[in-house]
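Asks: Please find entry_10.txt (compact mmCIF, C-alpha atoms and all ligand atoms) on the next line:
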# COMPACT_ATOMS: atom_id res chain seq x y z
CA MET A 1 5.17 -12.26 22.11
CA LYS A 2 7.61 -11.40 19.33
CA ILE A 3 10.57 -12.27 21.62
CA LEU A 4 8.97 -15.65 22.35
CA TYR A 5 8.55 -16.42 18.66
CA LEU A 6 12.10 -15.29 17.93
CA GLY A 7 13.28 -17.62 20.70
CA ILE A 8 11.39 -20.52 19.11
CA ALA A 9 12.90 -19.70 15.70
CA ALA A 10 16.39 -19.46 17.21
CA ALA A 11 15.95 -22.81 19.01
CA ILE A 12 14.82 -24.55 15.79
CA LEU A 13 17.72 -22.92 13.96
CA ALA A 14 20.16 -24.33 16.56
CA LEU A 15 18.62 -27.80 16.26
CA THR A 16 18.80 -27.60 12.46
CA ALA A 17 22.46 -26.61 12.61
CA TRP A 18 23.13 -29.45 15.06
CA ASN A 19 21.37 -31.83 12.63
CA LEU A 20 23.45 -30.48 9.73
CA TRP A 21 26.72 -31.20 11.57
CA THR A 22 25.78 -34.64 12.94
CA GLU A 23 24.06 -35.99 9.82
CA LYS A 24 26.21 -38.44 7.81
CA ASP A 25 24.38 -38.19 4.45
CA TRP A 26 25.28 -34.93 2.61
CA ARG A 27 21.84 -34.86 0.92
CA LYS A 28 20.15 -34.68 4.33
CA GLN A 29 22.69 -32.04 5.36
CA ALA A 30 21.62 -30.01 2.32
CA THR A 31 17.98 -30.40 3.37
CA ALA A 32 18.82 -29.07 6.83
CA ALA A 33 20.61 -26.13 5.18
CA MET A 34 17.49 -25.25 3.17
CA VAL A 35 15.44 -25.27 6.38
CA ALA A 36 18.02 -23.06 8.08
CA ILE A 37 17.98 -20.19 5.53
CA PRO A 38 14.52 -18.73 6.31
CA LEU A 39 15.03 -19.33 10.03
CA LEU A 40 18.32 -17.43 10.02
CA LEU A 41 16.79 -14.55 8.02
CA ARG A 42 13.93 -14.29 10.51
CA VAL A 43 16.16 -14.55 13.60
CA LEU A 44 18.26 -11.70 12.18
CA LEU A 45 14.99 -9.79 11.52
CA ILE A 46 15.84 -9.44 7.85
CA LYS A 47 12.81 -11.23 6.35
CA MET B 1 38.34 -34.14 10.15
CA GLN B 2 35.46 -36.55 9.52
CA LYS B 3 34.06 -36.81 6.01
CA ASN B 4 30.61 -35.62 7.07
CA HIS B 5 32.14 -32.58 8.76
CA ILE B 6 33.83 -31.57 5.51
CA SER B 7 30.48 -31.68 3.67
CA ALA B 8 28.78 -29.93 6.61
CA ALA B 9 31.37 -27.14 6.45
CA ILE B 10 30.92 -26.72 2.68
CA ILE B 11 27.11 -26.71 2.97
CA SER B 12 27.23 -24.24 5.90
CA ILE B 13 29.37 -21.84 3.88
CA LEU B 14 26.96 -22.11 0.92
CA THR B 15 24.03 -21.52 3.29
CA LEU B 16 25.61 -18.37 4.71
CA ALA B 17 26.39 -17.17 1.18
CA ALA B 18 22.75 -17.73 0.15
CA CYS B 19 21.60 -15.82 3.27
CA ALA B 20 23.97 -12.97 2.46
CA VAL B 21 22.71 -12.63 -1.12
CA ALA B 22 19.03 -12.96 -0.18
CA GLY B 23 19.48 -10.78 2.92
CA ALA B 24 21.11 -7.98 0.93
CA SER B 25 18.18 -8.05 -1.50
CA PHE B 26 15.62 -7.94 1.33
CA LEU B 27 17.48 -5.11 3.07
CA GLU B 28 17.66 -3.18 -0.20
CA HIS B 29 13.86 -3.19 -0.16
CA ARG B 30 13.90 -1.02 2.99
CA LYS B 31 15.56 1.97 1.33
CA VAL B 32 13.01 4.72 0.87
CA GLU B 33 12.99 6.15 -2.65
CA PRO B 34 12.94 9.94 -2.84
CA ILE B 35 9.77 11.86 -3.57
CA VAL B 36 10.63 15.32 -4.89
CA ARG B 37 8.85 18.25 -3.27
CA GLY B 38 6.89 20.15 -5.88
CA PRO B 39 6.03 23.87 -5.85
CA GLY B 40 2.95 23.48 -3.66
CA VAL B 41 4.41 21.60 -0.70
CA THR B 42 4.75 23.97 2.25
CA GLU B 43 5.81 21.48 4.94
CA VAL B 44 6.72 17.83 5.35
CA VAL B 45 5.74 16.55 8.78
CA LYS B 46 6.06 13.08 10.30
CA LEU B 47 2.85 11.32 11.29
CA SER B 48 4.39 11.01 14.77
CA ALA B 49 3.79 14.77 15.15
CA TRP B 50 0.16 13.78 15.81
CA TYR B 51 0.87 10.59 17.73
CA ALA B 52 4.30 10.51 19.37
CA GLY B 53 4.06 6.74 19.90
CA LEU B 54 4.99 6.29 16.23
CA ALA B 55 8.30 8.17 16.48
CA GLY B 56 11.25 5.98 15.62
CA THR B 57 9.06 3.04 14.53
CA PRO B 58 8.89 1.63 10.99
CA ALA B 59 5.26 2.84 10.85
CA ASP B 60 6.15 6.53 11.10
CA THR B 61 5.65 8.17 7.74
CA ASP B 62 5.84 11.50 5.91
CA VAL B 63 2.83 13.78 5.63
CA TYR B 64 3.10 16.42 2.90
CA VAL B 65 1.21 19.61 3.67
CA PHE B 66 0.04 22.11 1.03
CA ARG B 67 -1.17 25.31 2.69
CA GLY B 68 -3.02 27.51 0.24
CA GLN B 69 -2.55 31.28 -0.12
CA ASN B 70 -6.21 31.68 0.82
CA PRO B 71 -7.97 30.13 3.79
CA GLY B 72 -10.47 27.35 3.21
CA GLY B 73 -11.34 23.76 3.97
CA SER B 74 -9.02 20.81 4.25
CA MET B 75 -8.61 17.51 2.48
CA LEU B 76 -6.47 14.46 3.17
CA VAL B 77 -5.35 12.04 0.47
CA ILE B 78 -4.18 8.69 1.83
CA GLY B 79 -1.93 6.81 -0.61
CA GLY B 80 -0.07 3.57 0.00
CA THR B 81 -2.52 1.98 2.43
CA HIS B 82 -1.80 -1.19 0.43
CA PRO B 83 1.70 -0.93 -1.10
CA ASN B 84 0.86 -3.57 -3.74
CA GLU B 85 -1.62 -1.12 -5.31
CA PRO B 86 0.64 1.20 -7.32
CA SER B 87 -1.94 3.75 -8.54
CA SER B 88 -2.67 4.64 -4.92
CA PHE B 89 0.96 5.48 -4.11
CA LEU B 90 1.68 7.07 -7.51
CA SER B 91 -1.38 9.36 -7.35
CA ALA B 92 -0.03 10.70 -4.04
CA VAL B 93 3.45 11.11 -5.57
CA LEU B 94 2.07 13.06 -8.55
CA LEU B 95 0.14 15.36 -6.21
CA ILE B 96 3.30 16.00 -4.17
CA GLU B 97 5.44 16.69 -7.24
CA ASN B 98 2.88 18.78 -9.20
CA ALA B 99 -0.06 20.12 -7.21
CA SER B 100 -0.59 23.33 -5.28
CA ALA B 101 -3.42 24.47 -3.05
CA GLU B 102 -4.83 27.89 -3.96
CA SER B 103 -7.41 27.83 -1.19
CA GLY B 104 -7.57 25.58 1.84
CA THR B 105 -5.11 22.93 2.92
CA LEU B 106 -4.24 19.62 1.30
CA TYR B 107 -2.54 16.83 3.25
CA VAL B 108 -1.01 13.91 1.35
CA ILE B 109 0.35 10.71 2.87
CA PRO B 110 2.07 8.70 0.11
CA ARG B 111 3.11 5.72 2.25
CA ALA B 112 0.32 5.24 4.78
CA ASN B 113 1.60 1.75 5.59
CA ALA B 114 5.31 2.59 5.46
CA SER B 115 6.26 -0.85 6.78
CA GLY B 116 4.36 -2.54 3.92
CA PHE B 117 6.71 -0.85 1.44
CA THR B 118 9.74 -2.57 2.99
CA HIS B 119 8.91 -6.09 1.76
CA ASN B 120 6.74 -7.94 -0.71
CA ASP B 121 4.35 -10.85 -0.50
CA PRO B 122 5.91 -14.32 -0.66
CA GLN B 123 4.85 -16.58 -3.54
CA GLU B 124 3.17 -13.79 -5.52
CA GLY B 125 6.03 -13.44 -8.01
CA ALA B 126 5.50 -9.67 -8.05
CA PRO B 127 8.27 -7.57 -9.62
CA LEU B 128 10.57 -5.94 -7.06
CA ALA B 129 10.12 -2.53 -8.66
CA TYR B 130 8.81 -0.57 -11.64
CA SER B 131 10.36 2.42 -13.39
CA PHE B 132 9.41 5.48 -15.40
CA THR B 133 11.58 7.32 -17.88
CA LEU B 134 11.41 11.11 -17.51
CA PRO B 135 11.50 13.60 -20.39
CA ASP B 136 15.18 14.36 -19.56
CA GLY B 137 16.02 10.67 -19.99
CA SER B 138 16.55 9.98 -16.28
CA LYS B 139 14.71 7.20 -14.51
CA ARG B 140 12.57 7.04 -11.38
CA THR B 141 12.11 3.64 -9.79
CA PHE B 142 9.59 2.66 -7.13
CA ARG B 143 9.23 -0.65 -5.37
CA TYR B 144 6.22 -2.91 -5.47
CA GLY B 145 5.35 -3.55 -1.84
CA SER B 146 3.13 -5.83 0.15
CA ARG B 147 -0.52 -5.47 1.08
CA ALA B 148 0.40 -5.73 4.76
CA THR B 149 2.83 -4.57 7.43
CA ASN B 150 6.23 -6.32 7.32
CA PRO B 151 6.15 -9.36 9.66
CA VAL B 152 9.67 -8.40 10.77
CA HIS B 153 8.02 -5.30 12.27
CA GLN B 154 4.91 -7.03 13.61
CA TRP B 155 5.04 -10.71 14.49
CA PRO B 156 3.38 -13.12 15.04
CA ASP B 157 -0.12 -12.84 13.58
CA THR B 158 -2.87 -14.16 15.80
CA ASP B 159 -4.92 -17.03 14.30
CA VAL B 160 -7.96 -14.78 14.30
CA TYR B 161 -7.81 -10.99 14.00
CA VAL B 162 -10.21 -9.27 16.38
CA HIS B 163 -11.00 -5.66 15.47
CA ALA B 164 -10.51 -3.89 18.78
CA ALA B 165 -13.35 -1.38 18.66
CA SER B 166 -16.06 -3.80 17.53
CA GLY B 167 -14.96 -7.34 18.33
CA GLN B 168 -15.42 -8.26 14.63
CA THR B 169 -13.31 -11.30 13.74
CA LEU B 170 -11.35 -11.73 10.50
CA SER B 171 -8.63 -14.05 9.27
CA GLY B 172 -5.37 -13.72 11.21
CA ASN B 173 -3.32 -12.18 8.39
CA GLU B 174 -5.64 -9.14 8.44
CA THR B 175 -3.88 -8.20 11.70
CA ARG B 176 -1.29 -6.46 9.52
CA ASN B 177 -3.80 -4.84 7.13
CA LEU B 178 -3.86 -1.08 7.75
CA ASN B 179 -7.36 -0.84 6.28
CA ARG B 180 -8.80 -3.16 8.94
CA GLY B 181 -7.27 -1.45 11.97
CA TYR B 182 -9.06 1.91 12.11
CA PRO B 183 -9.69 3.91 14.23
CA GLY B 184 -6.62 2.33 15.80
CA ARG B 185 -5.39 2.36 19.38
CA THR B 186 -2.29 3.24 21.34
CA ASP B 187 -1.90 -0.11 23.13
CA GLY B 188 -2.34 -2.23 20.01
CA THR B 189 -0.15 -3.56 17.21
CA LEU B 190 2.14 -1.38 15.11
CA THR B 191 -0.54 -1.38 12.38
CA GLU B 192 -3.21 -0.20 14.85
CA LYS B 193 -0.84 2.53 16.06
CA ALA B 194 -0.42 3.78 12.48
CA CYS B 195 -4.22 3.83 12.15
CA TYR B 196 -4.44 5.77 15.40
CA GLY B 197 -1.89 8.31 14.13
CA ILE B 198 -3.93 8.97 10.99
CA THR B 199 -7.19 9.23 12.98
CA GLU B 200 -5.56 11.64 15.44
CA MET B 201 -4.23 13.78 12.62
CA ILE B 202 -7.71 14.06 11.08
CA ARG B 203 -9.15 14.99 14.50
CA ALA B 204 -6.47 17.53 15.37
CA GLU B 205 -6.42 19.22 11.96
CA LYS B 206 -10.23 19.05 11.65
CA ILE B 207 -9.87 17.63 8.14
CA ASP B 208 -13.11 18.06 6.20
CA LEU B 209 -12.66 15.27 3.65
CA SER B 210 -10.47 12.14 3.70
CA ILE B 211 -9.89 10.12 0.53
CA ASP B 212 -8.23 6.70 0.83
CA LEU B 213 -6.84 5.47 -2.52
CA HIS B 214 -6.84 1.80 -3.52
CA GLU B 215 -6.75 -0.65 -6.38
CA ALA B 216 -8.59 -3.93 -6.72
CA SER B 217 -8.38 -7.10 -8.79
CA PRO B 218 -10.57 -6.99 -11.91
CA GLU B 219 -12.57 -9.94 -10.53
CA TYR B 220 -13.36 -8.08 -7.28
CA PRO B 221 -16.89 -6.60 -7.15
CA VAL B 222 -15.91 -3.24 -5.58
CA ILE B 223 -13.89 -1.71 -8.40
CA ASN B 224 -13.81 1.53 -10.39
CA ALA B 225 -15.85 2.76 -7.50
CA ILE B 226 -16.17 5.21 -4.66
CA VAL B 227 -17.16 3.76 -1.29
CA ALA B 228 -18.58 6.51 0.86
CA HIS B 229 -19.54 6.93 4.50
CA GLU B 230 -23.19 7.96 4.78
CA ARG B 231 -22.27 11.56 5.64
CA ALA B 232 -20.06 11.70 2.53
CA MET B 233 -22.75 10.36 0.16
CA PRO B 234 -24.04 13.77 -1.08
CA ILE B 235 -20.50 14.92 -1.98
CA ALA B 236 -19.60 11.56 -3.52
CA SER B 237 -22.76 11.60 -5.70
CA GLN B 238 -21.75 14.99 -7.07
CA VAL B 239 -18.30 13.58 -7.86
CA VAL B 240 -19.83 10.63 -9.73
CA LEU B 241 -21.81 13.08 -11.89
CA GLY B 242 -18.76 15.30 -12.37
CA LEU B 243 -16.70 12.33 -13.52
CA GLU B 244 -19.45 11.31 -15.95
CA PHE B 245 -18.93 14.67 -17.67
CA SER B 246 -15.26 13.69 -18.13
CA ASP B 247 -16.40 10.32 -19.54
CA ILE B 248 -15.15 8.47 -16.47
CA THR B 249 -17.64 5.89 -15.30
CA ILE B 250 -17.44 5.22 -11.59
CA GLY B 251 -19.73 3.35 -9.22
CA LEU B 252 -20.88 4.63 -5.84
CA GLU B 253 -21.36 2.29 -2.93
CA PRO B 254 -22.41 3.01 0.64
CA SER B 255 -19.91 2.02 3.29
CA PRO B 256 -21.31 -1.14 4.92
CA LYS B 257 -22.16 -0.56 8.58
CA ASN B 258 -21.11 -4.06 9.62
CA LEU B 259 -17.68 -4.17 7.95
CA ARG B 260 -15.40 -2.62 10.51
CA GLY B 261 -11.90 -1.26 10.60
CA LEU B 262 -11.93 0.38 7.14
CA THR B 263 -11.29 4.07 6.49
CA HIS B 264 -14.69 4.80 4.91
CA ARG B 265 -16.44 3.44 8.02
CA GLU B 266 -14.19 4.23 10.99
CA LEU B 267 -12.78 7.65 10.01
CA GLY B 268 -16.34 8.81 9.32
CA ASP B 269 -17.60 7.41 12.64
CA ALA B 270 -14.66 8.40 14.85
CA THR B 271 -14.10 11.91 13.47
CA ASP B 272 -16.05 14.68 11.75
CA THR B 273 -14.33 14.05 8.41
CA LEU B 274 -16.27 12.99 5.32
CA ALA B 275 -14.65 9.63 4.56
CA VAL B 276 -14.44 8.02 1.13
CA LEU B 277 -12.36 5.29 -0.49
CA MET B 278 -11.68 4.88 -4.21
CA GLU B 279 -10.69 1.80 -6.23
CA THR B 280 -9.15 1.38 -9.68
CA ALA B 281 -8.50 -1.87 -11.59
CA ASN B 282 -5.07 -3.46 -11.12
CA PRO B 283 -4.58 -6.82 -12.87
CA SER B 284 -1.12 -7.28 -11.29
CA GLN B 285 -2.74 -7.98 -7.92
CA GLY B 286 -5.49 -10.21 -9.31
CA ARG B 287 -5.81 -13.96 -8.91
CA LEU B 288 -6.40 -14.64 -12.61
CA ARG B 289 -3.34 -12.79 -13.86
CA SER B 290 -0.80 -14.17 -16.28
CA ARG B 291 2.94 -13.47 -16.07
CA THR B 292 3.51 -10.97 -13.27
CA ASP B 293 6.16 -8.50 -14.27
CA GLU B 294 6.87 -4.79 -14.46
CA ALA B 295 5.05 -4.56 -17.82
CA LEU B 296 1.86 -5.93 -16.26
CA VAL B 297 2.06 -3.37 -13.45
CA LEU B 298 2.51 -0.48 -15.90
CA THR B 299 0.43 -1.47 -18.93
CA GLY B 300 -2.27 -3.46 -17.18
CA LYS B 301 -2.48 -5.65 -20.29
CA ASP B 302 -3.21 -9.28 -19.60
CA PRO B 303 -4.50 -11.95 -22.04
CA TYR B 304 -5.92 -14.07 -19.20
CA TYR B 305 -8.06 -11.17 -18.03
CA VAL B 306 -9.27 -10.57 -21.59
CA LYS B 307 -10.36 -14.19 -21.61
CA ALA B 308 -11.98 -13.88 -18.16
CA GLN B 309 -13.89 -10.82 -19.38
CA LYS B 310 -15.25 -12.79 -22.35
CA LEU B 311 -16.40 -15.47 -19.89
CA GLY B 312 -18.23 -12.80 -17.87
CA ARG B 313 -16.11 -13.20 -14.76
CA LEU B 314 -15.04 -9.58 -14.26
CA TYR B 315 -16.55 -6.44 -12.79
CA VAL B 316 -14.72 -4.03 -15.10
CA PRO B 317 -14.46 -3.87 -18.88
CA PHE B 318 -11.22 -5.57 -19.94
CA ASP B 319 -9.92 -5.69 -23.49
CA GLU B 320 -6.55 -5.88 -25.23
CA LYS B 321 -5.81 -2.26 -24.23
CA GLY B 322 -5.70 -3.31 -20.57
CA HIS B 323 -5.78 -0.78 -17.73
CA PRO B 324 -2.53 1.19 -17.96
CA ILE B 325 -1.15 2.94 -14.89
CA GLU B 326 -1.86 6.33 -16.52
CA GLU B 327 -5.56 5.49 -16.72
CA ARG B 328 -5.64 4.31 -13.10
CA VAL B 329 -3.74 7.30 -11.70
CA GLY B 330 -5.74 9.61 -14.00
CA ARG B 331 -9.00 8.32 -12.54
CA HIS B 332 -7.80 8.91 -8.97
CA LEU B 333 -6.44 12.39 -9.67
CA THR B 334 -9.45 13.53 -11.67
CA ALA B 335 -11.73 12.31 -8.90
CA ILE B 336 -9.63 14.16 -6.28
CA GLY B 337 -10.09 17.34 -8.35
CA GLU B 338 -13.83 16.70 -8.53
CA PHE B 339 -13.99 16.17 -4.76
CA ALA B 340 -12.27 19.52 -4.17
CA PHE B 341 -14.72 21.17 -6.58
CA ALA B 342 -17.75 19.53 -4.95
CA MET B 343 -16.56 20.45 -1.44
CA SER B 344 -16.09 24.10 -2.48
CA GLY B 345 -19.62 24.14 -3.93
CA GLU B 346 -21.19 22.49 -0.89
CA TYR B 347 -19.25 24.51 1.71
CA PRO B 348 -18.50 27.88 0.02
CA ASP B 349 -17.03 29.29 3.25
CA ARG B 350 -14.45 26.48 3.27
CA PRO B 351 -13.26 26.17 -0.34
CA ILE B 352 -10.55 23.74 -1.45
CA GLU B 353 -8.99 24.86 -4.73
CA LEU B 354 -6.17 22.84 -6.22
CA SER B 355 -4.01 23.62 -9.23
CA GLY B 356 -1.38 21.74 -11.19
CA VAL B 357 -3.02 18.33 -10.72
CA PRO B 358 -2.18 16.24 -13.83
CA GLY B 359 -5.35 15.47 -15.78
CA TYR B 360 -6.60 12.16 -17.12
CA ASP B 361 -6.05 13.12 -20.77
CA ASP B 362 -2.61 14.64 -20.10
CA LEU B 363 -1.45 11.47 -18.38
CA GLY B 364 -2.71 9.34 -21.25
CA ALA B 365 -1.07 11.56 -23.87
CA LYS B 366 2.30 12.22 -22.22
CA GLY B 367 2.76 9.20 -19.97
CA LEU B 368 3.19 9.24 -16.21
CA GLY B 369 6.97 9.84 -16.40
CA ALA B 370 6.31 13.31 -17.81
CA PHE B 371 4.83 14.35 -14.45
CA LEU B 372 7.66 13.13 -12.25
CA ARG B 373 10.50 15.43 -11.25
CA THR B 374 14.15 14.55 -11.61
CA ALA B 375 15.50 13.11 -8.37
CA ASP B 376 19.07 14.09 -7.49
ZN ZN C 1 -6.38 -1.72 -1.19
Could you express the structure from this file as structure tokens?
Replies:
Amino acid sequence: MKILYLGIAAAILALTAWNLWTEKDWRKQATAAMVAIPLLLRVLLIK
Amino acid sequence: MQKNHISAAIISILTLAACAVAGASFLEHRKVEPIVRGPGVTEVVKLSAWYAGLAGTPADTDVYVFRGQNPGGSMLVIGGTHPNEPSSFLSAVLLIENASAESGTLYVIPRANASGFTHNDPQEGAPLAYSFTLPDGSKRTFRYGSRATNPVHQWPDTDVYVHAASGQTLSGNETRNLNRGYPGRTDGTLTEKACYGITEMIRAEKIDLSIDLHEASPEYPVINAIVAHERAMPIASQVVLGLEFSDITIGLEPSPKNLRGLTHRELGDATDTLAVLMETANPSQGRLRSRTDEALVLTGKDPYYVKAQKLGRLYVPFDEKGHPIEERVGRHLTAIGEFAFAMSGEYPDRPIELSGVPGYDDLGAKGLGAFLRTAD
């Protein structure tokens, strides 16, 4: 179950990163970055 | 390079930097602070010695054993069930660093939910740690943990937590609450495995009395109280009287039969131990608290709680003097001494005699730091 949830978190993290790099408006890029931080910390099993 | 890729690169670098700073702080929380072995500790054993399934997991934890010179009964003190309740952990630490068993055997677990000490609760604004200055000027620092197992170690929570032995349902976040998982099971969550380890230890060592230490919010009805399994009621009533002689007022409540998963119910039902739980008053975990900082944890002084008391909203007296950590730890330690005394009176062939336990008045006069040993 944990692996499944980590997979979901990793997939959302990838989509967020993709959004960050394709988005034209830097403010929306910054929003994507803020979403990415907790996802990255969870995928790395830090928090 | 496109303009938006330049900003994306800058923002990505800032994001990674933020993760590095935050990540380092979170990882720092996993370091285990030393507890110094006092004169009475004869062995330190891992909980996995009683249930091998815990070995190598973040739920494995140290058990300090005090074997007395003379044979006798046995007593277990469980500290750190909820790592956001400092008097529970600190009472265990003071036993380890000061106490000895003259007769019988004392077992002390300072970090019953070891995983809960490795993080804290989001959005609570709790201080990361609190410190004590020792008589030699050195400092000992301990972290303020979370009520529950670290979600990095046990994830996800189910929407509804079903207590395995009874089918009782509770809110999903209770899945990581050690004091809802007893008697535990081997094929369950990490939290249930830790519960199982503690239950197995009590069974294998035939522990006569088990005391689980807690703190509660001043607005919570079960506070400054002993909750006792029905078989432990006679002993607990003697302790209440004994504490009255020391001017410590404490309530006595029977363990509810229909509230499952808690130490005072399940350890008493699943093993032969006499199971009790004790609560002191901790404003730093309460809902009505003001600024949450190290001072609040240590002094227990809070103007909002003084106000709440005047409005009749609390279950403990609360004035400007607050509930300092010395008072809270002093209550727990004095009660532990009274339990040993009552057990020795009730079962004279199985005495439990402790020495060196810091007293309520000593703690108040000298401060808690005076009873900690210098860590190298
Ligand atoms: Zn508690």
Asks: Considering all atoms listed in the file, tabulate each residue of chain B that lies at most 7 Å from ligand ZN 1 (chain C) along with its nearest interatomic pair and the corresponding distance in Å to one decimal; arrange the rows by chain and ascending residue number and present them as JSON lines.
Replies:
{"residue": "B:Thr81", "atom": "CA", "partner": "C:ZN1", "partner_atom": "ZN", "distance": 6.5}
{"residue": "B:His82", "atom": "CA", "partner": "C:ZN1", "partner_atom": "ZN", "distance": 4.9}
{"residue": "B:Glu85", "atom": "CA", "partner": "C:ZN1", "partner_atom": "ZN", "distance": 6.3}
{"residue": "B:His214", "atom": "CA", "partner": "C:ZN1", "partner_atom": "ZN", "distance": 4.2}
{"residue": "B:Glu215", "atom": "CA", "partner": "C:ZN1", "partner_atom": "ZN", "distance": 5.3}
{"residue": "B:Ala216", "atom": "CA", "partner": "C:ZN1", "partner_atom": "ZN", "distance": 6.4}
Asks: Keeping only C-alpha atoms, take the residues you just selected and write them out as a compact mmCIF listing (two decimals), in the coordinates of the input.
Replies:
# COMPACT_ATOMS: atom_id res chain seq x y z
CA THR B 81 -2.52 1.98 2.43
CA HIS B 82 -1.80 -1.19 0.43
CA GLU B 85 -1.62 -1.12 -5.31
CA HIS B 214 -6.84 1.80 -3.52
CA GLU B 215 -6.75 -0.65 -6.38
CA ALA B 216 -8.59 -3.93 -6.72
Asks: Name the residues, using the chain letters and numbers of the file, that sit within 12 Å of (17.6, -12.9, 17.5) when counting all atoms listed in the file, and give them as a list in words.
Replies: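 Neighbouring residues, ordered by chain and number, come to Lys2, Ile3, Leu4, Tyr5, Leu6, Gly7, Ile8, Ala9, Ala10, Ala11, Leu13, Ala14, Leu39, Leu40, Leu41, Arg42, Val43, Leu44, Leu45 and Ile46 of chain A; Val152 of chain B.
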Asks: Which residues are close to range 63-65 of chain B, i.e. within 8 Å by all atoms listed in the file, leaving aside same-chain residues fewer than 5 positions away? Reply as a ChimeraX atom specification.
Replies: /B:41-47,96,105-110
Asks: Based on only C-alpha atoms, which of the residues in chain A come within 9 Å of chain B? I want them as a PyMOL selection string.
Replies: chain A and resi 1-2+5+17+20-26+29-30+33-34+36-38+40-42+45-47
Asks: Enter the distance from CA of Thr292 in chain B to CA of Gly125 in chain B, in Å, rounded to one decimal.
Replies: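 About the pair CA of Thr292 in chain B and CA of Gly125 in chain B: they are 6.3 Å apart.
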Asks: Just the number, please: distance in Å from CA of Tyr196 in chain B to CA of Gly145 in chain B, one decimal.
Replies: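 A separation of 21.9 Å between them.
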Asks: Kindly give the distance, in Å, that separates CA of Asp60 in chain B and CA of Asp269 in chain B, rounded to a single decimal.
Replies: 23.8 Å
Asks: Here is a test: counting all atoms listed in the file, which residue of B:Ala148, B:Ala370, B:Ile202, B:Ala194 is nearest to Pro122 in chain B?
Replies: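 That would be B:Ala148, the residue with the smallest distance to Pro122 in chain B.
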Asks: Hey, which of B:Met75, B:Ala281, B:Ala114, B:Val93 ends up closest to Cys195 in chain B? Count only C-alpha atoms.
Replies: B:Ala114
Asks: Near Asp361 in chain B, within 12 Å and counting all atoms listed in the file, which residues show up once chain neighbours fewer than 2 positions away are dropped, as an MDAnalysis selection string?
Replies: chainID B and resid 246:248 326:331 333:334 357:359 363:368
Asks: How would range 27-37 of chain A look with N, CA, C and O atoms restored, written as a compact mmCIF listing (two decimals), in the frame of the given file?
Replies:
# COMPACT_ATOMS: atom_id res chain seq x y z
N ARG A 27 23.13 -35.32 1.47
CA ARG A 27 21.84 -34.86 0.92
C ARG A 27 20.93 -34.39 2.05
O ARG A 27 20.21 -33.40 1.93
N LYS A 28 20.97 -35.11 3.18
CA LYS A 28 20.15 -34.68 4.33
C LYS A 28 20.74 -33.42 4.97
O LYS A 28 20.01 -32.58 5.49
N GLN A 29 22.06 -33.29 4.89
CA GLN A 29 22.69 -32.04 5.36
C GLN A 29 22.18 -30.85 4.53
O GLN A 29 21.87 -29.78 5.06
N ALA A 30 22.10 -31.08 3.21
CA ALA A 30 21.62 -30.01 2.32
C ALA A 30 20.18 -29.65 2.65
O ALA A 30 19.79 -28.48 2.63
N THR A 31 19.38 -30.67 2.98
CA THR A 31 17.98 -30.40 3.37
C THR A 31 17.94 -29.54 4.63
O THR A 31 17.18 -28.56 4.70
N ALA A 32 18.77 -29.87 5.60
CA ALA A 32 18.82 -29.07 6.83
C ALA A 32 19.23 -27.63 6.50
O ALA A 32 18.68 -26.67 7.06
N ALA A 33 20.16 -27.47 5.56
CA ALA A 33 20.61 -26.13 5.18
C ALA A 33 19.45 -25.31 4.61
O ALA A 33 19.28 -24.13 4.93
N MET A 34 18.61 -25.98 3.79
CA MET A 34 17.49 -25.25 3.17
C MET A 34 16.47 -24.82 4.23
O MET A 34 15.83 -23.79 4.10
N VAL A 35 16.34 -25.64 5.29
CA VAL A 35 15.44 -25.27 6.38
C VAL A 35 16.03 -24.09 7.17
O VAL A 35 15.31 -23.21 7.64
N ALA A 36 17.36 -24.07 7.24
CA ALA A 36 18.02 -23.06 8.08
C ALA A 36 17.92 -21.64 7.50
O ALA A 36 17.85 -20.67 8.25
N ILE A 37 17.90 -21.53 6.16
CA ILE A 37 17.98 -20.19 5.53
C ILE A 37 16.85 -19.26 6.00
O ILE A 37 17.12 -18.18 6.54
